[in-house]
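Below is the file coords-v1.cif, which contains mmCIF, C-alpha atoms.
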```cif
data_model
loop_
_atom_site.label_atom_id
_atom_site.label_comp_id
_atom_site.auth_asym_id
_atom_site.auth_seq_id
_atom_site.Cartn_x
_atom_site.Cartn_y
_atom_site.Cartn_z
CA MET A 83 117.68 15.43 12.94
CA ARG A 84 115.97 16.55 9.72
CA VAL A 85 112.69 18.35 9.09
CA LEU A 86 110.78 19.24 5.93
CA VAL A 87 108.68 22.40 5.53
CA SER A 88 106.12 22.03 2.77
CA SER A 89 106.05 25.49 1.22
CA ASP A 90 108.12 28.69 1.05
CA GLY A 91 105.31 31.14 1.76
CA ILE A 92 105.70 33.62 4.60
CA ILE A 93 104.77 31.15 7.35
CA GLY A 94 106.80 28.33 5.83
CA MET A 95 109.90 30.50 5.63
CA LEU A 96 109.48 31.81 9.18
CA ALA A 97 108.99 28.26 10.47
CA SER A 98 112.17 27.21 8.64
CA ILE A 99 114.16 29.97 10.34
CA VAL A 100 112.96 28.83 13.77
CA LEU A 101 113.46 25.13 13.03
CA SER A 102 117.00 25.76 11.76
CA GLU A 103 117.97 26.79 15.29
CA TYR A 104 116.95 23.42 16.76
CA PHE A 105 117.39 20.84 13.96
CA ASP A 106 120.45 19.84 11.98
CA GLU A 107 118.88 20.13 8.51
CA VAL A 108 115.76 21.94 7.31
CA TYR A 109 114.42 21.26 3.81
CA LEU A 110 112.17 24.02 2.47
CA VAL A 111 110.06 23.18 -0.58
CA LYS A 112 109.66 25.97 -3.13
CA ASN A 113 106.07 26.61 -4.14
CA LYS A 114 105.69 26.38 -7.92
CA SER A 115 102.56 28.55 -8.06
CA ASN A 116 103.63 32.06 -7.13
CA LYS A 117 100.34 33.64 -6.17
CA HIS A 118 102.05 36.85 -5.10
CA ASN A 119 102.57 38.06 -8.65
CA GLN A 120 99.09 39.53 -9.05
CA ASN A 121 98.70 42.94 -10.59
CA ILE A 122 98.17 44.69 -7.26
CA ASN A 123 100.27 45.82 -4.33
CA ARG A 124 99.02 43.81 -1.37
CA TYR A 125 99.37 44.96 2.20
CA PHE A 126 99.13 43.26 5.57
CA SER A 127 98.16 44.62 8.94
CA ILE A 128 100.91 43.41 11.27
CA ASN A 129 99.92 43.26 14.93
CA LEU A 130 102.14 43.77 17.97
CA LEU A 131 102.95 40.09 18.47
CA SER A 132 104.02 39.76 14.83
CA LYS A 133 106.21 42.85 15.14
CA PHE A 134 107.79 41.39 18.27
CA PHE A 135 108.54 38.13 16.43
CA PHE A 136 109.98 39.88 13.35
CA THR A 137 112.13 42.03 15.64
CA SER A 138 113.41 38.97 17.54
CA LYS A 139 114.60 37.53 14.21
CA ASN A 140 116.29 40.81 13.13
CA LEU A 141 113.79 41.18 10.29
CA TRP A 142 111.67 44.15 11.32
CA ASP A 143 114.04 46.97 10.35
CA CYS A 144 114.70 45.34 6.97
CA ILE A 145 111.01 44.79 6.23
CA THR A 146 110.04 48.35 7.11
CA CYS A 147 113.04 50.17 5.63
CA GLU A 148 111.03 51.14 2.54
CA GLY A 149 108.21 52.66 4.55
CA ILE A 150 105.60 51.71 7.10
CA THR A 151 102.31 53.13 8.32
CA GLU A 152 101.33 52.91 11.97
CA TYR A 153 97.75 53.19 13.14
CA SER A 154 96.57 53.68 16.70
CA GLN A 155 92.82 53.45 16.18
CA ILE A 156 90.25 51.28 14.44
CA THR A 157 86.85 52.87 13.82
CA THR A 158 83.92 50.62 12.96
CA LEU A 159 80.56 51.63 11.53
CA ASP A 160 77.53 49.38 11.68
CA GLU A 161 75.51 50.86 8.81
CA PRO A 162 72.06 49.44 9.70
CA SER A 163 72.17 50.84 13.24
CA LYS A 164 74.35 53.90 12.36
CA LYS A 165 76.49 53.00 15.37
CA TYR A 166 80.20 53.91 15.48
CA MET A 167 82.75 52.29 17.78
CA ASN A 168 86.39 53.19 18.35
CA PHE A 169 89.16 50.84 19.45
CA GLN A 170 92.31 52.69 20.55
CA SER A 171 95.82 51.54 21.38
CA SER A 172 95.84 53.79 24.44
CA SER A 173 93.38 51.32 26.01
CA ILE A 174 96.25 48.83 26.37
CA ALA A 175 98.95 51.47 27.01
CA PHE A 176 100.60 51.15 23.61
CA ASP A 177 101.34 53.87 21.08
CA CYS A 178 99.85 51.95 18.15
CA MET A 179 97.65 48.95 17.39
CA GLY A 180 99.33 47.76 14.23
CA TYR A 181 101.45 48.45 11.17
CA ILE A 182 100.60 48.38 7.47
CA VAL A 183 103.39 46.63 5.57
CA ASN A 184 103.77 45.76 1.91
CA GLU A 185 103.58 42.01 1.26
CA LYS A 186 106.51 42.07 -1.17
CA ASN A 187 108.79 43.70 1.40
CA ILE A 188 107.97 40.94 3.88
CA ILE A 189 108.57 38.11 1.42
CA ASP A 190 111.75 39.53 -0.12
CA ASN A 191 113.44 40.19 3.22
CA ILE A 192 112.57 36.82 4.72
CA ARG A 193 113.97 35.15 1.60
CA LYS A 194 117.21 37.10 1.98
CA LYS A 195 117.53 35.86 5.54
CA ILE A 196 116.81 32.27 4.48
CA GLU A 197 119.70 32.44 2.02
CA THR A 198 122.14 33.26 4.83
CA ILE A 199 121.26 30.23 6.96
CA GLU A 200 123.53 27.34 6.07
CA ASN A 201 121.37 24.45 7.31
CA ILE A 202 118.24 25.48 5.37
CA PHE A 203 118.17 23.74 2.00
CA GLN A 204 115.67 25.02 -0.58
CA ILE A 205 114.39 22.27 -2.86
CA ASP A 206 112.19 22.46 -5.94
CA GLU A 207 110.08 19.40 -5.39
CA VAL A 208 109.81 16.45 -3.10
CA HIS A 209 108.09 13.10 -3.16
CA ILE A 210 106.93 11.57 0.11
CA ASP A 211 107.94 7.93 -0.21
CA ASN A 212 106.81 6.75 3.18
CA HIS A 213 105.30 8.12 6.35
CA SER A 214 104.65 6.34 9.58
CA LYS A 215 105.02 6.91 13.29
CA LYS A 216 108.55 5.54 13.14
CA SER A 217 109.94 6.90 9.89
CA LEU A 218 109.53 9.37 7.06
CA SER A 219 111.41 9.20 3.80
CA ILE A 220 111.45 11.62 0.88
CA SER A 221 113.10 11.57 -2.52
CA LEU A 222 114.45 14.72 -4.14
CA ASP A 223 114.69 15.67 -7.81
CA ASP A 224 118.10 14.03 -8.09
CA MET A 225 116.57 10.80 -6.76
CA LYS A 226 118.46 11.19 -3.49
CA LEU A 227 116.59 9.49 -0.67
CA LEU A 228 116.46 11.15 2.74
CA ASN A 229 115.08 10.10 6.08
CA ILE A 230 113.05 12.89 7.64
CA ASP A 231 112.05 13.13 11.29
CA TYR A 232 109.16 15.60 10.94
CA ILE A 233 107.13 17.40 8.29
CA PHE A 234 105.56 20.83 8.85
CA LEU A 235 102.75 21.80 6.49
CA SER A 236 102.49 25.57 6.22
CA ASP A 237 99.76 25.82 3.57
CA SER A 238 97.29 23.60 1.73
CA SER A 239 99.34 23.12 -1.45
CA ARG A 240 100.18 19.50 -0.63
CA GLU A 241 96.71 17.99 -0.80
CA ASP A 242 98.07 14.46 -0.58
CA ILE A 243 99.34 15.17 2.93
CA VAL A 244 96.63 17.62 4.03
CA ASN A 245 94.02 14.95 3.30
CA LEU A 246 95.46 12.90 6.15
CA PHE A 247 93.85 15.44 8.49
CA SER A 248 90.48 15.57 6.70
CA ASN A 249 88.51 13.64 9.31
CA THR A 250 89.28 16.36 11.89
CA LYS A 251 88.42 19.32 9.67
CA GLN A 252 85.76 21.85 10.67
CA THR A 253 84.56 24.08 7.85
CA ILE A 254 82.27 27.05 7.49
CA ASP A 255 80.77 28.41 4.29
CA TYR A 256 80.96 32.20 4.47
CA LYS A 257 78.93 32.40 1.24
CA GLN A 258 81.12 35.35 0.28
CA ASP A 259 84.01 36.31 -1.98
CA ALA A 260 86.25 39.35 -1.63
CA ILE A 261 88.01 41.92 -3.74
CA VAL A 262 91.13 43.91 -2.88
CA ALA A 263 92.01 47.32 -4.32
CA ASN A 264 94.04 50.40 -3.43
CA LEU A 265 92.25 53.75 -3.24
CA THR A 266 94.06 57.02 -3.96
CA MET A 267 92.39 59.91 -2.14
CA ASN A 268 91.69 63.50 -3.21
CA THR A 269 93.11 64.96 -0.01
CA LYS A 270 95.78 63.86 2.43
CA ASN A 271 94.81 62.17 5.68
CA ASN A 272 96.96 62.65 8.76
CA ASN A 273 94.80 60.63 11.18
CA MET A 274 96.08 57.19 10.15
CA ILE A 275 92.98 55.35 11.33
CA ALA A 276 91.93 51.92 10.11
CA TYR A 277 88.22 51.56 9.33
CA GLN A 278 85.63 48.84 9.04
CA ARG A 279 82.14 49.27 7.70
CA PHE A 280 79.52 46.58 8.28
CA ASP A 281 76.37 46.44 6.21
CA LYS A 282 73.98 43.61 5.57
CA ASN A 283 75.77 41.31 3.11
CA ASN A 284 78.84 43.61 2.94
CA ILE A 285 81.97 44.02 5.08
CA GLN A 286 84.55 46.63 4.06
CA GLY A 287 87.95 47.04 5.67
CA LEU A 288 90.22 50.02 5.03
CA LEU A 289 93.90 50.10 5.93
CA PRO A 290 95.80 53.44 5.74
CA VAL A 291 98.71 52.63 3.45
CA SER A 292 99.93 56.24 3.32
CA ASP A 293 98.58 59.74 3.90
CA ASN A 294 96.68 59.59 0.59
CA MET A 295 96.01 55.89 0.04
CA TYR A 296 93.88 53.13 1.57
CA ASN A 297 93.96 49.41 0.95
CA LEU A 298 90.37 48.20 0.60
CA ILE A 299 89.22 44.65 1.32
CA TRP A 300 85.55 44.28 0.38
CA SER A 301 83.83 40.99 1.19
CA ALA A 302 80.24 40.32 0.20
CA LYS A 303 77.86 37.77 -1.25
CA LYS A 304 79.21 36.23 -4.42
CA GLU A 305 76.63 37.96 -6.62
CA ILE A 306 77.64 41.36 -5.22
CA ILE A 307 81.33 40.65 -5.82
CA ASN A 308 80.49 39.46 -9.35
CA GLU A 309 78.85 42.81 -10.02
CA LEU A 310 81.77 44.78 -8.55
CA TYR A 311 84.31 42.74 -10.49
CA ARG A 312 82.57 43.46 -13.82
CA MET A 313 82.44 47.23 -13.25
CA SER A 314 84.57 49.67 -15.17
CA ASP A 315 87.10 51.74 -13.21
CA SER A 316 84.79 54.76 -13.16
CA GLN A 317 81.81 52.69 -12.05
CA LEU A 318 83.78 51.09 -9.24
CA LEU A 319 85.11 54.47 -8.12
CA SER A 320 81.57 55.85 -7.99
CA LYS A 321 80.40 52.84 -5.98
CA VAL A 322 83.30 53.18 -3.53
CA ASN A 323 82.64 56.89 -2.99
CA ASN A 324 78.90 56.41 -2.54
CA THR A 325 79.58 53.79 0.10
CA LEU A 326 82.71 54.95 1.93
CA SER A 327 83.16 58.71 1.50
CA VAL A 328 81.34 59.41 4.77
CA MET A 329 84.20 57.66 6.56
CA ILE A 330 87.32 58.48 4.56
CA GLY A 331 86.38 61.24 2.11
CA GLU A 332 86.44 61.09 -1.68
CA ALA A 333 88.73 58.75 -3.60
CA LYS A 334 90.02 59.98 -6.96
CA SER A 335 91.11 56.64 -8.38
CA THR A 336 91.26 52.91 -7.70
CA SER A 337 93.91 50.39 -8.65
CA SER A 338 93.16 47.23 -10.56
CA ILE A 339 91.35 44.77 -8.33
CA ALA A 340 92.14 41.22 -7.27
CA ARG A 341 89.45 38.72 -6.35
CA PHE A 342 89.65 35.70 -4.07
CA PRO A 343 87.20 33.23 -2.55
CA LEU A 344 86.60 33.11 1.19
CA LYS A 345 86.74 29.90 3.12
CA GLY A 346 86.83 29.09 6.79
CA PHE A 347 88.27 25.96 8.32
CA HIS A 348 89.99 24.70 11.41
CA TYR A 349 91.37 21.29 12.33
CA LYS A 350 90.57 19.56 15.61
CA SER A 351 94.06 18.07 15.50
CA TYR A 352 97.20 19.73 14.13
CA ARG A 353 99.20 16.49 14.25
CA TYR A 354 99.09 13.26 12.29
CA GLU A 355 101.86 10.94 13.45
CA ASN A 356 105.05 12.95 12.71
CA ILE A 357 103.36 15.55 10.45
CA PHE A 358 102.24 18.93 11.83
CA CYS A 359 99.97 21.64 10.41
CA ILE A 360 100.68 25.33 11.00
CA GLY A 361 99.46 28.57 9.43
CA GLY A 362 97.27 28.24 6.36
CA ALA A 363 97.41 24.46 6.48
CA ALA A 364 95.73 24.43 9.90
CA HIS A 365 93.25 27.30 9.82
CA SER A 366 91.58 29.96 7.68
CA VAL A 367 89.25 32.69 8.89
CA HIS A 368 87.24 35.55 7.42
CA PRO A 369 89.46 38.57 6.66
CA MET A 370 87.18 40.99 8.55
CA ALA A 371 89.58 41.13 11.51
CA GLY A 372 92.80 41.10 9.47
CA LEU A 373 94.19 38.27 11.59
CA GLY A 374 94.98 35.58 9.00
CA LEU A 375 98.73 36.17 8.63
CA ASN A 376 99.07 37.17 12.29
CA MET A 377 97.53 33.86 13.38
CA GLY A 378 100.14 32.02 11.31
CA ILE A 379 102.98 34.07 12.80
CA LYS A 380 101.62 33.29 16.27
CA ASP A 381 101.86 29.57 15.38
CA VAL A 382 105.56 30.06 14.60
CA PHE A 383 106.03 32.12 17.77
CA LEU A 384 104.57 29.25 19.83
CA LEU A 385 106.69 26.74 17.92
CA GLU A 386 109.81 28.59 18.99
CA TYR A 387 108.55 28.99 22.55
CA PHE A 388 108.13 25.24 23.04
CA LEU A 389 111.27 24.28 21.11
CA SER A 390 113.31 26.56 23.38
CA SER A 391 112.57 24.12 26.22
CA PHE A 392 114.13 21.36 24.13
CA SER A 393 117.26 23.44 23.71
CA LYS A 394 117.60 24.18 27.42
CA ASP A 395 116.46 20.97 29.08
CA LYS A 396 116.99 18.32 26.37
CA CYS A 397 113.39 17.27 26.84
CA ASN A 398 111.72 14.73 24.63
CA ILE A 399 111.09 16.47 21.31
CA ASN A 400 107.95 14.47 20.59
CA ARG A 401 106.35 15.61 23.82
CA LEU A 402 107.24 19.23 23.18
CA LEU A 403 105.84 19.20 19.65
CA GLU A 404 102.67 17.51 20.87
CA THR A 405 102.27 20.25 23.49
CA PHE A 406 102.94 22.88 20.83
CA SER A 407 100.32 21.51 18.42
CA ASN A 408 97.70 21.23 21.16
CA ARG A 409 98.34 24.77 22.36
CA CYS A 410 98.11 26.16 18.82
CA ARG A 411 94.85 24.33 18.23
CA ILE A 412 93.32 25.71 21.43
CA GLU A 413 94.50 29.27 20.79
CA ASN A 414 93.35 29.31 17.17
CA SER A 415 89.98 27.74 17.90
CA LYS A 416 89.15 30.81 20.01
CA TYR A 417 89.83 33.06 17.02
CA PHE A 418 87.94 30.77 14.66
CA TYR A 419 84.72 30.70 16.68
CA THR A 420 84.88 34.37 17.72
CA ILE A 421 85.40 35.69 14.19
CA ASN A 422 82.67 33.44 12.81
CA LEU A 423 80.29 34.69 15.52
CA LEU A 424 81.08 38.33 14.72
CA LYS A 425 80.70 37.73 11.00
CA THR A 426 77.25 36.21 11.59
CA PHE A 427 76.25 39.08 13.88
CA TYR A 428 77.22 41.80 11.39
CA SER A 429 75.91 39.99 8.31
CA ASP A 430 72.60 38.72 9.69
CA ASN A 431 69.79 40.23 7.62
CA HIS A 432 67.17 39.12 10.11
CA LEU A 433 68.53 40.85 13.22
CA PRO A 434 66.43 43.97 14.03
CA ASN A 435 68.37 47.23 14.02
CA PHE A 436 67.37 48.11 17.57
CA ILE A 437 68.88 44.85 18.83
CA ARG A 438 72.10 45.48 16.91
CA SER A 439 72.27 49.02 18.28
CA ALA A 440 71.54 47.99 21.87
CA SER A 441 74.09 45.16 21.74
CA MET A 442 76.81 47.42 20.38
CA LYS A 443 76.02 50.14 22.95
CA ILE A 444 76.44 47.64 25.79
CA PHE A 445 79.70 46.37 24.33
CA ASP A 446 81.05 49.88 23.67
CA SER A 447 80.45 50.93 27.27
CA ASN A 448 82.29 47.92 28.73
CA ILE A 449 85.86 49.21 29.02
CA PHE A 450 87.24 45.95 30.43
CA PHE A 451 85.80 43.84 27.62
CA LYS A 452 87.00 46.24 24.91
CA ARG A 453 90.51 46.15 26.37
CA LYS A 454 90.51 42.36 26.30
CA ILE A 455 89.37 42.39 22.66
CA ILE A 456 92.19 44.77 21.74
CA GLU A 457 94.77 42.67 23.62
CA THR A 458 93.58 39.59 21.74
CA ALA A 459 93.60 41.28 18.32
CA THR A 460 97.07 42.75 18.85
CA GLY A 461 98.51 39.52 20.27
CA ILE A 462 99.49 41.20 23.54
CA ASP A 463 97.48 38.63 25.50
CA THR A 464 99.64 35.85 24.02
CA LEU A 465 102.87 37.72 24.72
CA LYS A 466 101.85 38.31 28.33
CA LYS A 467 100.96 34.65 28.75
CA TYR A 468 104.28 33.29 27.48
CA LEU A 469 106.84 36.03 28.04
CA LYS A 470 108.04 38.35 30.79
CA ASP A 471 109.44 40.82 28.29
CA GLN A 472 108.99 44.51 29.03
CA TYR A 473 107.59 44.92 25.49
CA CYS A 474 104.36 43.29 26.65
CA TYR A 475 103.59 45.87 29.30
CA THR A 476 104.84 49.34 28.39
CA ASN A 477 104.58 51.88 25.57
CA GLN A 478 106.87 51.13 22.65
#
```
Just give me the structure as structure tokens.
Amino acid sequence: MRVLVSSDGIIGMLASIVLSEYFDEVYLVKNKSNKHNQNINRYFSINLLSKFFFTSKNLWDCITCEGITEYSQITTLDEPSKKYMNFQSSSIAFDCMGYIVNEKNIIDNIRKKIETIENIFQIDEVHIDNHSKKSLSISLDDMKLLNIDYIFLSDSSREDIVNLFSNTKQTIDYKQDAIVANLTMNTKNNNMIAYQRFDKNNIQGLLPVSDNMYNLIWSAKKEIINELYRMSDSQLLSKVNNTLSVMIGEAKSTSSIARFPLKGFHYKSYRYENIFCIGGAAHSVHPMAGLGLNMGIKDVFLLEYFLSSFSKDKCNINRLLETFSNRCRIENSKYFYTINLLKTFYSDNHLPNFIRSASMKIFDSNIFFKRKIIETATGIDTLKKYLKDQYCYTNQ
């Protein structure tokens, strides 16, 4: 059996690794537009489920060999109400909540692994000649024609195929853009705490990259981002310090900044005949929770979970993939609606401060609810649901 994976981004490559264990041939399409070559070091917050998955594929030690930052606490500040909240890994009996990892390290090490797998074939371009419930055929650059059993879309780069799902697409206009920059601090920080600051029209996330550097993701109304993007380095540094120094201290410099638009979408169906959406092809959420990549990795985790039944019981592959796509859709819809609700709550200019403060006080005092939120954000709830592994229940 043959499968095609539409793009060699992080999720596409991880999906290819999993699929190579259950299918005879996996064709991985190289993405022509390499968006990772921006003039900035990007970082991801990797949650506990993602770490578990990377470890299961013997990738974790390679990815983190050049350095990693653990954090065990997230502190949030709601500026209008002056209310702080802390979310700690000890609430779920783990030593940390997540890991800050360089994007390039992730990509480079997954690519190295791909090159060692004999039944993964990397191709430059592909033309979809035919797709139907019964057959799929593709032609390669050398005009070779192949019959394909399934296609997995891992991002939105193939609009011709993604458009097949358009009638099931749910979208939300965040009315925001975002900038990303790295902040070098005046003094070292040994706390290794991740921060989020919520203000009306602004959401700022800070990931501790090292003991003297934070990765800043600042999302705001487009006009605010326009103003920030036009600032000189000294002006931006002054703005950052005026806004964030109360939480992290004074920054002495900022890196060059990258800008990207924000969009939210989710499909009501992840399957069209024998084509499946995963990762960035199936969903996109606001970066305020840092879950975008982790949601995609969870898709691949679930893909492997359901395919493992095929390996053991020789079940019908169509039924298993249908179950997989339905489960992904249900799991991700929870994230989609929850994050959109939180974004509206923290960005609503019309909500009185006393209501914001009272709501957050009630939430902060509910230990059970906070624990469930942390389990969801770290992916531990998913691991507990599908695995019996000791990793899910004890300090690591």
Next on the checklist: Under the PyMOL selection byres ((chain A and resi 261-271) around 6), which residues of this model are included? Write them out as a VMD selection string.
Outcome noted: chain A and resid 260 272 to 273 293 to 300 332 to 337 339 to 341
Checklist entry - Just how far from CA of Glu185 (chain A) is CA of Glu197 (chain A), in Å to one decimal? => result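 CA of Glu185 (chain A) lies 18.8 Å from CA of Glu197 (chain A).
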Item to check | Shell of 9 Å around Val108 (chain A), all atoms listed in the file, local chain residues under 3 positions omitted, as a ChimeraX atom specification | outcome: /A:83-87,98-99,101-102,105,201-204
Item to check | Between CA of Lys380 (chain A) and CA of Ile128 (chain A) - distance in Å to one decimal | outcome: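 These two atoms are separated by 11.3 Å.
With only C-alpha atoms as the atoms that count, the minimum distance from Lys133 (chain A) to the choices A:Ile156, A:Met313, A:Leu384, A:Met179 is reached by A:Met179.
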Item to check | Among the residues A:Ser439, A:Ser127, A:Ser219, A:Thr426, the one that comes closest to Pro162 (chain A) [using only C-alpha atoms] | outcome: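 Nearest candidate to Pro162 (chain A) out of A:Ser439, A:Ser127, A:Ser219, A:Thr426: A:Ser439.
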Checklist entry - Leaving out Tyr352 (chain A) and any residue of its chain fewer than 5 positions from it, which residues lie within 12 Å of it when counting all atoms listed in the file, given as a PyMOL selection string? => result chain A and resi 233-236+244+246-251+357-365+381+403-415
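We find CA of Gln155 (chain A) and CA of Gly372 (chain A) to be spaced 14.1 Å apart.
Considering the residues A:Ala459, A:Ile254, A:Leu424, A:Met377 and counting all atoms listed in the file, Phe347 (chain A) has its shortest atom-to-atom contact with A:Ile254.
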Within 12 Å of region 145-150 of chain A, which residues of region 258-340 of chain A show up? Give each one with its shortest atom-to-atom distance in Å (one decimal) and the two atoms involved, counting all atoms listed in the file, rows by chain then rising residue number, as a tab-separated table.
```
residue	atom	partner	partner_atom	distance
A:Met274	CA	A:Ile150	CA	11.4
A:Leu289	CA	A:Ile150	CA	11.9
A:Pro290	CA	A:Ile150	CA	10.0
A:Val291	CA	A:Ile150	CA	7.9
A:Ser292	CA	A:Ile150	CA	8.2
A:Asp293	CA	A:Ile150	CA	11.1
```
Next on the checklist: I need the output of the PyMOL selection byres ((chain A and resi 93) around 7) for this file as a list in words; which residues are they?
Outcome noted: Gly91, Ile92, Gly94, Met95, Leu96, Ala97, Ser236, Gly361, Gly378 and Ile379 of chain A
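Take the candidates A:Ile182, A:Ile307, A:Leu288, A:Leu373 and check each one against Ser327 (chain A) using only C-alpha atoms; the shortest distance goes to A:Leu288.
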Item to check | For Pro343 (chain A), the nearest of the candidates A:Trp142, A:Phe135, A:Phe169, A:Tyr256, counting only C-alpha atoms | outcome: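 Closest candidate: A:Tyr256.
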Next on the checklist: From the options A:Phe126, A:Tyr387, A:Tyr181, A:Tyr428, which residue's atoms come nearest to Asn284 (chain A), counting all atoms listed in the file?
Outcome noted: A:Tyr428
Next on the checklist: Distance cut-off 6 Å, centre (111.4, 27.7, 16.0) in file coordinates, counting only C-alpha atoms: which residues qualify? Return them as a PyMOL selection string.
Outcome noted: chain A and resi 100-101+385-386
Residues as selected, C-alpha atoms, written as a tab-separated table (two decimals), keeping the file's coordinate frame, can you do that?
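Wrote part-v5.tsv, looks like this:
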```tsv
chain	number	residue	atom	x	y	z
A	100	VAL	CA	112.96	28.83	13.77
A	101	LEU	CA	113.46	25.13	13.03
A	385	LEU	CA	106.69	26.74	17.92
A	386	GLU	CA	109.81	28.59	18.99
```
Checklist entry - Residues around (89.3, 39.9, 7.7), cut-off 10 Å, counting all atoms listed in the file - what are they as a PyMOL selection string? => result chain A and resi 260+278+285-287+299-301+344+367-374+421+425
Selection near Lys112 (chain A), 8 Å with all atoms listed in the file, sequence-local residues under 2 positions removed, as a PDB file with C-alpha atoms, in the frame of the given file:
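New file part.pdb:
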```pdb
ATOM      1  CA  SER A  88     106.120  22.030   2.770  1.00  0.00           C
ATOM      2  CA  SER A  89     106.050  25.490   1.220  1.00  0.00           C
ATOM      3  CA  ASP A  90     108.120  28.690   1.050  1.00  0.00           C
ATOM      4  CA  LEU A 110     112.170  24.020   2.470  1.00  0.00           C
ATOM      5  CA  LYS A 114     105.690  26.380  -7.920  1.00  0.00           C
ATOM      6  CA  GLN A 204     115.670  25.020  -0.580  1.00  0.00           C
ATOM      7  CA  ILE A 205     114.390  22.270  -2.860  1.00  0.00           C
ATOM      8  CA  ASP A 206     112.190  22.460  -5.940  1.00  0.00           C
ATOM      9  CA  GLU A 207     110.080  19.400  -5.390  1.00  0.00           C
TER      10      GLU A 207
END
```
What lies within 9 Å of region 444-458 of chain A using all atoms listed in the file, ignoring chain neighbours under 3 positions off, as a PDB file with C-alpha atoms, in the frame of the given file?
```pdb
ATOM      1  CA  MET A 167      82.750  52.290  17.780  1.00  0.00           C
ATOM      2  CA  ASN A 168      86.390  53.190  18.350  1.00  0.00           C
ATOM      3  CA  PHE A 169      89.160  50.840  19.450  1.00  0.00           C
ATOM      4  CA  GLN A 170      92.310  52.690  20.550  1.00  0.00           C
ATOM      5  CA  SER A 171      95.820  51.540  21.380  1.00  0.00           C
ATOM      6  CA  SER A 173      93.380  51.320  26.010  1.00  0.00           C
ATOM      7  CA  ILE A 174      96.250  48.830  26.370  1.00  0.00           C
ATOM      8  CA  MET A 179      97.650  48.950  17.390  1.00  0.00           C
ATOM      9  CA  TYR A 417      89.830  33.060  17.020  1.00  0.00           C
ATOM     10  CA  SER A 439      72.270  49.020  18.280  1.00  0.00           C
ATOM     11  CA  ALA A 440      71.540  47.990  21.870  1.00  0.00           C
ATOM     12  CA  SER A 441      74.090  45.160  21.740  1.00  0.00           C
ATOM     13  CA  GLY A 461      98.510  39.520  20.270  1.00  0.00           C
ATOM     14  CA  ILE A 462      99.490  41.200  23.540  1.00  0.00           C
ATOM     15  CA  ASP A 463      97.480  38.630  25.500  1.00  0.00           C
ATOM     16  CA  THR A 464      99.640  35.850  24.020  1.00  0.00           C
TER      17      THR A 464
END
```
